[in-house]
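Chemist: Before anything else, here's the structure in question.
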Amino acid sequence: MSSEQQYDIIVVGSGPAGQKAAVQAAKAGKRVAMIEGDKVLGGACVHRGTIPSKTLRENALRIAHLRGHAEIFSFSLRPDTEMAALIDNMHSVIKAHDDYIHKQIARNKIERVHGRASFVDNKTLKVDMPGGQQQTFKADYFVIATGSIPRHVDNIEVDHEYIYDSDSILSMMYLPQTLTVLGGGVIASEYASIFASLGVRVTMIDRYPRPLGFLDADLTDRFVHAFEASGAQFIPNVKVNRVYWDGVSQVITELEGGRIVRSEKLLSAAGRVANVEGLCIENAGLSLNERGIIPVDKHCKTAVDNIYAAGDVIGPPSLASASMEQGRRACLGALGIDLGEMTDMIPSGIYAIPELSTVGMNEQQARDSYGDVIVGYARFEEIARGQISGVQDGLLKLIACPKGKKLLGVAIVGEGATELIHIGQMALLSNMEVDGFVENIFNFPTLAEAYRVAALHIAGQRAS
Ligand SMILES: Cc1cc2nc3c(=O)[nH]c(=O)nc-3n(C[C@H](O)[C@H](O)[C@H](O)COP(=O)(O)OP(=O)(O)OC[C@H]3O[C@@H](n4cnc5c(N)ncnc54)[C@H](O)[C@@H]3O)c2cc1C
Ligand SMILES: NC(=O)c1ccc[n+]([C@@H]2O[C@H](COP(=O)([O-])OP(=O)(O)OC[C@H]3O[C@@H](n4cnc5c(N)ncnc54)[C@H](O)[C@@H]3O)[C@@H](O)[C@H]2O)c1
């Protein structure tokens with residue numbers, strides 16, 4: 001073991017949480033090291049999650065668009081289409097992102113350490129480096145930003161050849177003809193609808209009555225309708241008894257009740273759990289809670305005074321967007337700067353096909369808190385821009401207090417939802433009343449006009 005190195009702050013992990021934590025500490029003039037086990041920086045967000053899946057989605061949209069214009073283009077994907085061809089531009093997207101991260105790390109004089117970290121005690125980390133060397137690092141403060149790994153369930157053996165998880169699904173060599181997707185959460189819904197748009201016959205299976213159960217049913221109904229219209233199938237309310245590869249050509253999924261689903265490949269998307277493998281957090285005096293995450297306070301401080309944690313390792317919302325802010329807060333917390341509570345006005349953006357996005361309360365939450373709320377709708381097919389762009393089956397929903405004045409929540413399904421939502425977010429944050437959408441002038445034709453139409457719908461329902 002070589003000599004010890006001393007830092008003010010050491011960050012473990014280079015995903016969105018780790019990166020922002022390290023940059024924030026460096027900007028405060030601290031001596032910072034960022035330890036990353038992977039050869040490349042950026043974490044699951046850049047290499048296995050957000051960016052690769054969204055790149056595949058963009059190509060799936062293009063392909064679906066070509067298919068939708070069969071009268072102009074004669075188009076079909078070859079049966080042996082390589083996955084690599086479908087995400088060919090991912091490498092340039094990742095490279096651009098990687099260059100940006102490297103420059104940011106260098107510019108801020110953050111020391112990058114390549115190796116797997118494990119705690120020796122609450123002031124010391126041991127790092128196993130490529131080539132077999134070990135080095136010891138000491139710091140006054142640590143930020144654990146080691147992300148998450150897929151949750152594996154007992155009756156499903158993920159082999160990464162026929163049965164995949166959310167980290168390995170994009171390593172499939174060829175686009176399969178048929179795919180079973182287990183789960184009804186965000187990852188299941190995104191990948192199921194993306195592969196369906198690529199022409200794969202997808203069967204999505206969940207134990208609940210509808211996917212994305214945290215959203216209002218009028219949104220998820222539209223999602224399921226669009227999903228099934230693309231040739232896919234959603235099987236609700238059923239448990240999976242067993243999943244196995246038949247040794248020849250198919251993955252067999254045995255459902256409770258005896259039904260059997262066969263497919264070429266299967267994706268198991270049963271959530272994600274904190275990644276603390278090999279980190280030996282117990283040596284630092286830490287443990288996971290009953291939900292399998294590292295518990296923290298509002299400053300992202302763990303149960304040990306000099307150790308902070310941020311990102312997926314501390315659990316929901318488990319978003320790249322929230323992880324960045326948590327990383328920044330964790331460092332400021334370590335520096336003794338109190339930023340108060342983090343905003344709970346975090347939008348959710350689900351990049352399924354079609355997109356879904358929400359901010360503020362959903363209808364049920366609003367009814368529970370305010371009683372008889374007023375809901376205004378705008379359908380994209382009634383909006384000029386929706387008609388021009390061929391963006392159909394979209395819906396924007398505004399939820400207002402019983403007087404129809406105070407805006408409580410916004411929910412959107414349809415292309416552009418994840419961008420459009422920010423108008424609603426800003427309206428909620430500035431306490432703008434519903435009438436603000438009616439009294440102000442929007443560009444025309446735009447999908448944003450849907451806000452005006454939904455607000456007018458609310459105004460029309462007010463008691464006179
Ligand atoms: C398929 C998929 C799609 C997603 N899409 C979106 C999306 O569209 N929008 C969104 O906001 N979020 C999305 N997410 C979630 C988002 O990717 C995560 O919330 C985010 O990456 C979490 O960031 P993080 O910094 O906590 O961890 P990560 O990005 O997972 O980074 C953790 C890093 O820590 C390193 N590490 C772990 N242990 C050690 C160790 N002992 N020593 C050294 N290094 C270690 C890992 O190698 C990794 O690089 C998606 C996730 C998945 C899986
Ligand atoms: N666009 C985005 O923002 C985006 C995209 C992808 C992922 N993510 C993040 O990644 C995280 C993980 O996504 P996810 O879809 O894996 O999780 P999730 O929590 O959204 O869904 C988990 C699914 O697994 C099922 N499940 C859980 N335990 C199970 C068990 N023991 N047996 C069978 N089924 C089980 C649940 O019923 C649910 O359908 C999410 O928290 C999400 O925030 C975000």
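All residue names refer to the structure tokens as shown: chains lettered A, B, ... in order, residues numbered from 1 in each chain, ligands numbered from 1 in order.
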Can you pull out the residues contacting region 318-335 of chain A? Cut-off 9 Å, using only C-alpha atoms, and skip same-chain residues under 5 positions away; I want them as a VMD selection string.

Modeler: chain A and resid 9 15 to 25 28 45 50 141 to 143 145 147 to 148 272 298 to 301 305 to 313 342 346 348

Chemist: Which residues are near ligand 2 - at most 7 Å, using only C-alpha atoms and all ligand atoms? Format: as a PDB file with N, CA, C and O atoms, in the first residue's frame.

Modeler:
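Final output, selection03.pdb:
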```pdb
ATOM      1  N   GLY A  49     -28.001   4.533 -18.465  1.00  0.00           N
ATOM      2  CA  GLY A  49     -29.379   4.929 -18.163  1.00  0.00           C
ATOM      3  C   GLY A  49     -29.903   6.032 -19.047  1.00  0.00           C
ATOM      4  O   GLY A  49     -30.256   5.841 -20.210  1.00  0.00           O
ATOM      5  N   THR A  50     -29.930   7.224 -18.468  1.00  0.00           N
ATOM      6  CA  THR A  50     -30.622   8.350 -19.087  1.00  0.00           C
ATOM      7  C   THR A  50     -30.214   8.584 -20.546  1.00  0.00           C
ATOM      8  O   THR A  50     -31.060   8.541 -21.440  1.00  0.00           O
ATOM      9  N   PRO A 150     -29.778  -2.445 -10.576  1.00  0.00           N
ATOM     10  CA  PRO A 150     -31.122  -3.010 -10.742  1.00  0.00           C
ATOM     11  C   PRO A 150     -31.477  -3.940  -9.581  1.00  0.00           C
ATOM     12  O   PRO A 150     -30.619  -4.672  -9.089  1.00  0.00           O
ATOM     13  N   VAL A 153     -35.117  -9.931  -8.664  1.00  0.00           N
ATOM     14  CA  VAL A 153     -36.114 -10.665  -7.874  1.00  0.00           C
ATOM     15  C   VAL A 153     -35.816 -12.160  -7.939  1.00  0.00           C
ATOM     16  O   VAL A 153     -35.227 -12.654  -8.906  1.00  0.00           O
ATOM     17  N   GLY A 183     -42.714  -5.491 -15.172  1.00  0.00           N
ATOM     18  CA  GLY A 183     -42.733  -4.259 -14.387  1.00  0.00           C
ATOM     19  C   GLY A 183     -43.627  -3.242 -15.071  1.00  0.00           C
ATOM     20  O   GLY A 183     -43.884  -3.345 -16.279  1.00  0.00           O
ATOM     21  N   GLY A 184     -44.099  -2.293 -14.271  1.00  0.00           N
ATOM     22  CA  GLY A 184     -44.946  -1.246 -14.840  1.00  0.00           C
ATOM     23  C   GLY A 184     -44.459   0.123 -14.397  1.00  0.00           C
ATOM     24  O   GLY A 184     -45.211   1.092 -14.389  1.00  0.00           O
ATOM     25  N   GLY A 185     -43.195   0.180 -14.022  1.00  0.00           N
ATOM     26  CA  GLY A 185     -42.625   1.449 -13.557  1.00  0.00           C
ATOM     27  C   GLY A 185     -42.093   2.268 -14.724  1.00  0.00           C
ATOM     28  O   GLY A 185     -42.447   2.038 -15.884  1.00  0.00           O
ATOM     29  N   VAL A 186     -41.227   3.218 -14.366  1.00  0.00           N
ATOM     30  CA  VAL A 186     -40.730   4.173 -15.367  1.00  0.00           C
ATOM     31  C   VAL A 186     -39.868   3.472 -16.409  1.00  0.00           C
ATOM     32  O   VAL A 186     -40.067   3.647 -17.621  1.00  0.00           O
ATOM     33  N   ILE A 187     -38.938   2.650 -15.954  1.00  0.00           N
ATOM     34  CA  ILE A 187     -38.018   2.004 -16.910  1.00  0.00           C
ATOM     35  C   ILE A 187     -38.796   1.038 -17.797  1.00  0.00           C
ATOM     36  O   ILE A 187     -38.608   1.015 -19.022  1.00  0.00           O
ATOM     37  N   ALA A 188     -39.689   0.246 -17.202  1.00  0.00           N
ATOM     38  CA  ALA A 188     -40.479  -0.707 -17.982  1.00  0.00           C
ATOM     39  C   ALA A 188     -41.283   0.038 -19.049  1.00  0.00           C
ATOM     40  O   ALA A 188     -41.277  -0.343 -20.225  1.00  0.00           O
ATOM     41  N   GLU A 190     -40.841   3.055 -20.331  1.00  0.00           N
ATOM     42  CA  GLU A 190     -40.012   3.694 -21.370  1.00  0.00           C
ATOM     43  C   GLU A 190     -39.524   2.654 -22.374  1.00  0.00           C
ATOM     44  O   GLU A 190     -39.760   2.777 -23.584  1.00  0.00           O
ATOM     45  N   ASP A 206     -47.423  -6.558 -15.519  1.00  0.00           N
ATOM     46  CA  ASP A 206     -47.232  -5.981 -14.181  1.00  0.00           C
ATOM     47  C   ASP A 206     -48.265  -6.530 -13.207  1.00  0.00           C
ATOM     48  O   ASP A 206     -49.320  -6.998 -13.597  1.00  0.00           O
ATOM     49  N   ARG A 207     -47.918  -6.444 -11.927  1.00  0.00           N
ATOM     50  CA  ARG A 207     -48.835  -6.962 -10.900  1.00  0.00           C
ATOM     51  C   ARG A 207     -49.948  -5.964 -10.562  1.00  0.00           C
ATOM     52  O   ARG A 207     -50.887  -6.296  -9.852  1.00  0.00           O
ATOM     53  N   TYR A 208     -49.822  -4.726 -11.047  1.00  0.00           N
ATOM     54  CA  TYR A 208     -50.831  -3.701 -10.758  1.00  0.00           C
ATOM     55  C   TYR A 208     -51.771  -3.509 -11.950  1.00  0.00           C
ATOM     56  O   TYR A 208     -51.450  -3.897 -13.070  1.00  0.00           O
ATOM     57  N   PRO A 211     -49.935   0.672 -15.613  1.00  0.00           N
ATOM     58  CA  PRO A 211     -48.543   1.084 -15.427  1.00  0.00           C
ATOM     59  C   PRO A 211     -48.480   2.487 -14.843  1.00  0.00           C
ATOM     60  O   PRO A 211     -49.480   3.226 -14.892  1.00  0.00           O
ATOM     61  N   ALA A 269     -37.606  -5.208 -15.059  1.00  0.00           N
ATOM     62  CA  ALA A 269     -37.441  -3.824 -14.572  1.00  0.00           C
ATOM     63  C   ALA A 269     -38.206  -3.673 -13.271  1.00  0.00           C
ATOM     64  O   ALA A 269     -39.303  -3.122 -13.225  1.00  0.00           O
ATOM     65  N   ALA A 270     -37.633  -4.229 -12.206  1.00  0.00           N
ATOM     66  CA  ALA A 270     -38.317  -4.280 -10.903  1.00  0.00           C
ATOM     67  C   ALA A 270     -37.765  -3.246  -9.932  1.00  0.00           C
ATOM     68  O   ALA A 270     -37.647  -3.496  -8.732  1.00  0.00           O
ATOM     69  N   GLY A 271     -37.390  -2.090 -10.438  1.00  0.00           N
ATOM     70  CA  GLY A 271     -36.875  -1.036  -9.573  1.00  0.00           C
ATOM     71  C   GLY A 271     -35.353  -1.116  -9.427  1.00  0.00           C
ATOM     72  O   GLY A 271     -34.707  -1.998  -9.998  1.00  0.00           O
ATOM     73  N   ARG A 272     -34.805  -0.163  -8.686  1.00  0.00           N
ATOM     74  CA  ARG A 272     -33.357  -0.119  -8.477  1.00  0.00           C
ATOM     75  C   ARG A 272     -33.085   0.100  -6.996  1.00  0.00           C
ATOM     76  O   ARG A 272     -33.888   0.690  -6.289  1.00  0.00           O
ATOM     77  N   PRO A 316     -35.622   7.634  -3.656  1.00  0.00           N
ATOM     78  CA  PRO A 316     -36.434   8.509  -4.514  1.00  0.00           C
ATOM     79  C   PRO A 316     -36.142   9.993  -4.311  1.00  0.00           C
ATOM     80  O   PRO A 316     -35.790  10.356  -3.189  1.00  0.00           O
ATOM     81  N   PRO A 317     -36.290  10.829  -5.341  1.00  0.00           N
ATOM     82  CA  PRO A 317     -36.913  10.478  -6.612  1.00  0.00           C
ATOM     83  C   PRO A 317     -36.007   9.731  -7.587  1.00  0.00           C
ATOM     84  O   PRO A 317     -36.476   9.354  -8.669  1.00  0.00           O
ATOM     85  N   SER A 318     -34.725   9.538  -7.268  1.00  0.00           N
ATOM     86  CA  SER A 318     -33.835   8.781  -8.170  1.00  0.00           C
ATOM     87  C   SER A 318     -33.886   9.307  -9.598  1.00  0.00           C
ATOM     88  O   SER A 318     -34.143   8.577 -10.550  1.00  0.00           O
ATOM     89  N   LEU A 319     -33.625  10.582  -9.725  1.00  0.00           N
ATOM     90  CA  LEU A 319     -33.590  11.219 -11.040  1.00  0.00           C
ATOM     91  C   LEU A 319     -32.239  11.895 -11.216  1.00  0.00           C
ATOM     92  O   LEU A 319     -31.667  12.399 -10.242  1.00  0.00           O
ATOM     93  N   SER A 348     -41.669  15.389 -12.938  1.00  0.00           N
ATOM     94  CA  SER A 348     -41.278  14.060 -13.393  1.00  0.00           C
ATOM     95  C   SER A 348     -41.445  14.040 -14.903  1.00  0.00           C
ATOM     96  O   SER A 348     -42.415  14.586 -15.436  1.00  0.00           O
ATOM     97  N   GLY A 349     -40.469  13.463 -15.577  1.00  0.00           N
ATOM     98  CA  GLY A 349     -40.521  13.396 -17.040  1.00  0.00           C
ATOM     99  C   GLY A 349     -40.289  11.960 -17.460  1.00  0.00           C
ATOM    100  O   GLY A 349     -39.222  11.414 -17.220  1.00  0.00           O
ATOM    101  N   ILE A 350     -41.294  11.338 -18.025  1.00  0.00           N
ATOM    102  CA  ILE A 350     -41.172   9.936 -18.413  1.00  0.00           C
ATOM    103  C   ILE A 350     -41.084   9.873 -19.928  1.00  0.00           C
ATOM    104  O   ILE A 350     -42.020  10.264 -20.635  1.00  0.00           O
ATOM    105  N   TYR A 351     -39.931   9.409 -20.402  1.00  0.00           N
ATOM    106  CA  TYR A 351     -39.655   9.449 -21.838  1.00  0.00           C
ATOM    107  C   TYR A 351     -40.126   8.179 -22.515  1.00  0.00           C
ATOM    108  O   TYR A 351     -39.366   7.491 -23.181  1.00  0.00           O
TER     109      TYR A 351
END
```

Chemist: Given only C-alpha atoms as the basis, pick out the residue of A:Cys280, A:Gln250, A:Gly29, A:Glu355 nearest to Val120 (chain A).

Modeler: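 Closest residue, counting only C-alpha atoms: A:Cys280.
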
Chemist: Could you tell me how far atom 8 (O, counted along the ligand's line) of ligand 1 sits from CA of Ala84 (chain A), in Å to one decimal place?

Modeler: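 Here the two named atoms are 20.0 Å from each other.
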
Chemist: Counting only C-alpha atoms, which residues in region 63-171 of chain A sit no more than 12 Å from region 175-178 of chain A? For each one, give the nearest pair of atoms and the distance in Å, sorted by chain then residue number, as a Markdown table.

Modeler:
```
| residue | atom | partner | partner_atom | distance |
| --- | --- | --- | --- | --- |
| A:Leu77 | CA | A:Leu175 | CA | 9.5 |
| A:Arg78 | CA | A:Leu175 | CA | 9.3 |
| A:Pro79 | CA | A:Gln177 | CA | 7.4 |
| A:Asp80 | CA | A:Leu175 | CA | 6.8 |
| A:Thr81 | CA | A:Leu175 | CA | 5.6 |
| A:Glu82 | CA | A:Leu175 | CA | 6.0 |
| A:Met83 | CA | A:Leu175 | CA | 5.5 |
| A:Ala84 | CA | A:Leu175 | CA | 9.3 |
| A:Ala85 | CA | A:Leu175 | CA | 9.7 |
| A:Leu86 | CA | A:Leu175 | CA | 8.7 |
| A:Ile87 | CA | A:Leu175 | CA | 11.2 |
| A:Glu161 | CA | A:Pro176 | CA | 11.8 |
| A:Tyr162 | CA | A:Pro176 | CA | 10.1 |
| A:Ile169 | CA | A:Leu175 | CA | 10.6 |
| A:Leu170 | CA | A:Leu175 | CA | 9.6 |
| A:Ser171 | CA | A:Leu175 | CA | 10.3 |
```

Chemist: Fewer than 3 positions away in the same chain doesn't count, so skip those; otherwise give me all residues within 12 Å of Leu420 (chain A), counting only C-alpha atoms, as number ranges by chain.

Modeler: A: 347-349, 355-359, 394-397, 410-417, 423-427, 446-451

Chemist: Suppose you want the space between atom 23 (O, counted along the ligand's line) of ligand 1 and CA of Val46 (chain A); what is it in Å?

Modeler: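 These two atoms are separated by 9.2 Å.
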
Chemist: To one decimal place in Å, what is the distance between CA of Ala303 (chain A) and CA of Glu282 (chain A)?

Modeler: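 If I compute the distance from CA of Ala303 (chain A) to CA of Glu282 (chain A), I get 11.5 Å.
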
Chemist: For the structure I just gave you, how does DSSP split region 209-279 of chain A - specifically, which residues are helix (DSSP H, G or I)? Reply as a ChimeraX atom specification.

Modeler: /A:217-229

Chemist: Write the selection just made, keeping C-alpha atoms, as a PDB file, in the first residue's frame?

Modeler:
```pdb
ATOM      1  CA  ALA A 217     -55.492   7.309 -14.754  1.00  0.00           C
ATOM      2  CA  ASP A 218     -56.516   9.595 -17.642  1.00  0.00           C
ATOM      3  CA  LEU A 219     -52.811   9.930 -18.519  1.00  0.00           C
ATOM      4  CA  THR A 220     -51.934   6.269 -18.153  1.00  0.00           C
ATOM      5  CA  ASP A 221     -55.063   5.240 -20.100  1.00  0.00           C
ATOM      6  CA  ARG A 222     -53.767   7.291 -23.039  1.00  0.00           C
ATOM      7  CA  PHE A 223     -50.329   5.779 -22.649  1.00  0.00           C
ATOM      8  CA  VAL A 224     -51.695   2.202 -22.651  1.00  0.00           C
ATOM      9  CA  HIS A 225     -53.950   3.023 -25.597  1.00  0.00           C
ATOM     10  CA  ALA A 226     -51.028   4.372 -27.660  1.00  0.00           C
ATOM     11  CA  PHE A 227     -48.828   1.457 -26.550  1.00  0.00           C
ATOM     12  CA  GLU A 228     -51.377  -1.154 -27.629  1.00  0.00           C
ATOM     13  CA  ALA A 229     -52.113   0.750 -30.848  1.00  0.00           C
TER      14      ALA A 229
END
```

Chemist: Between A:Thr124, A:Ser14, A:Ser197, A:Asn237, single out the one closest to Arg210 (chain A), counting only C-alpha atoms.

Modeler: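 Closest to Arg210 (chain A), using only C-alpha atoms: A:Asn237.
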
Chemist: Please determine, counting only C-alpha atoms, which residue among A:Thr146, A:Thr180, A:Gln5, A:Ser193 has the shortest atom-to-atom distance to Ala60 (chain A).

Modeler: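 Using only C-alpha atoms, the shortest distance to Ala60 (chain A) belongs to A:Ser193.
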
Chemist: As number ranges by chain, please: all residues of region 126-273 of chain A that backbone DSSP puts in strand (DSSP E or B).

Modeler: A: 126-128, 134-144, 148-150, 156, 163-164, 174, 178-182, 201-205, 233-235, 240-245, 251-255, 260-263, 265-268, 272-273

Chemist: Excluding Asp98 (chain A) and its own-chain neighbours fewer than 2 positions away, which residues fall within 9 Å of it when counting only C-alpha atoms? Please give them as a count of residues only.

Modeler: 12

Chemist: Which residue, A:Leu198, A:Ala459, A:Ala274, A:Ile374, has the smallest gap to ligand 1 when you use only C-alpha atoms and all ligand atoms?

Modeler: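 When distances to ligand 1 are compared using only C-alpha atoms and all ligand atoms, the smallest one comes from A:Ala274.
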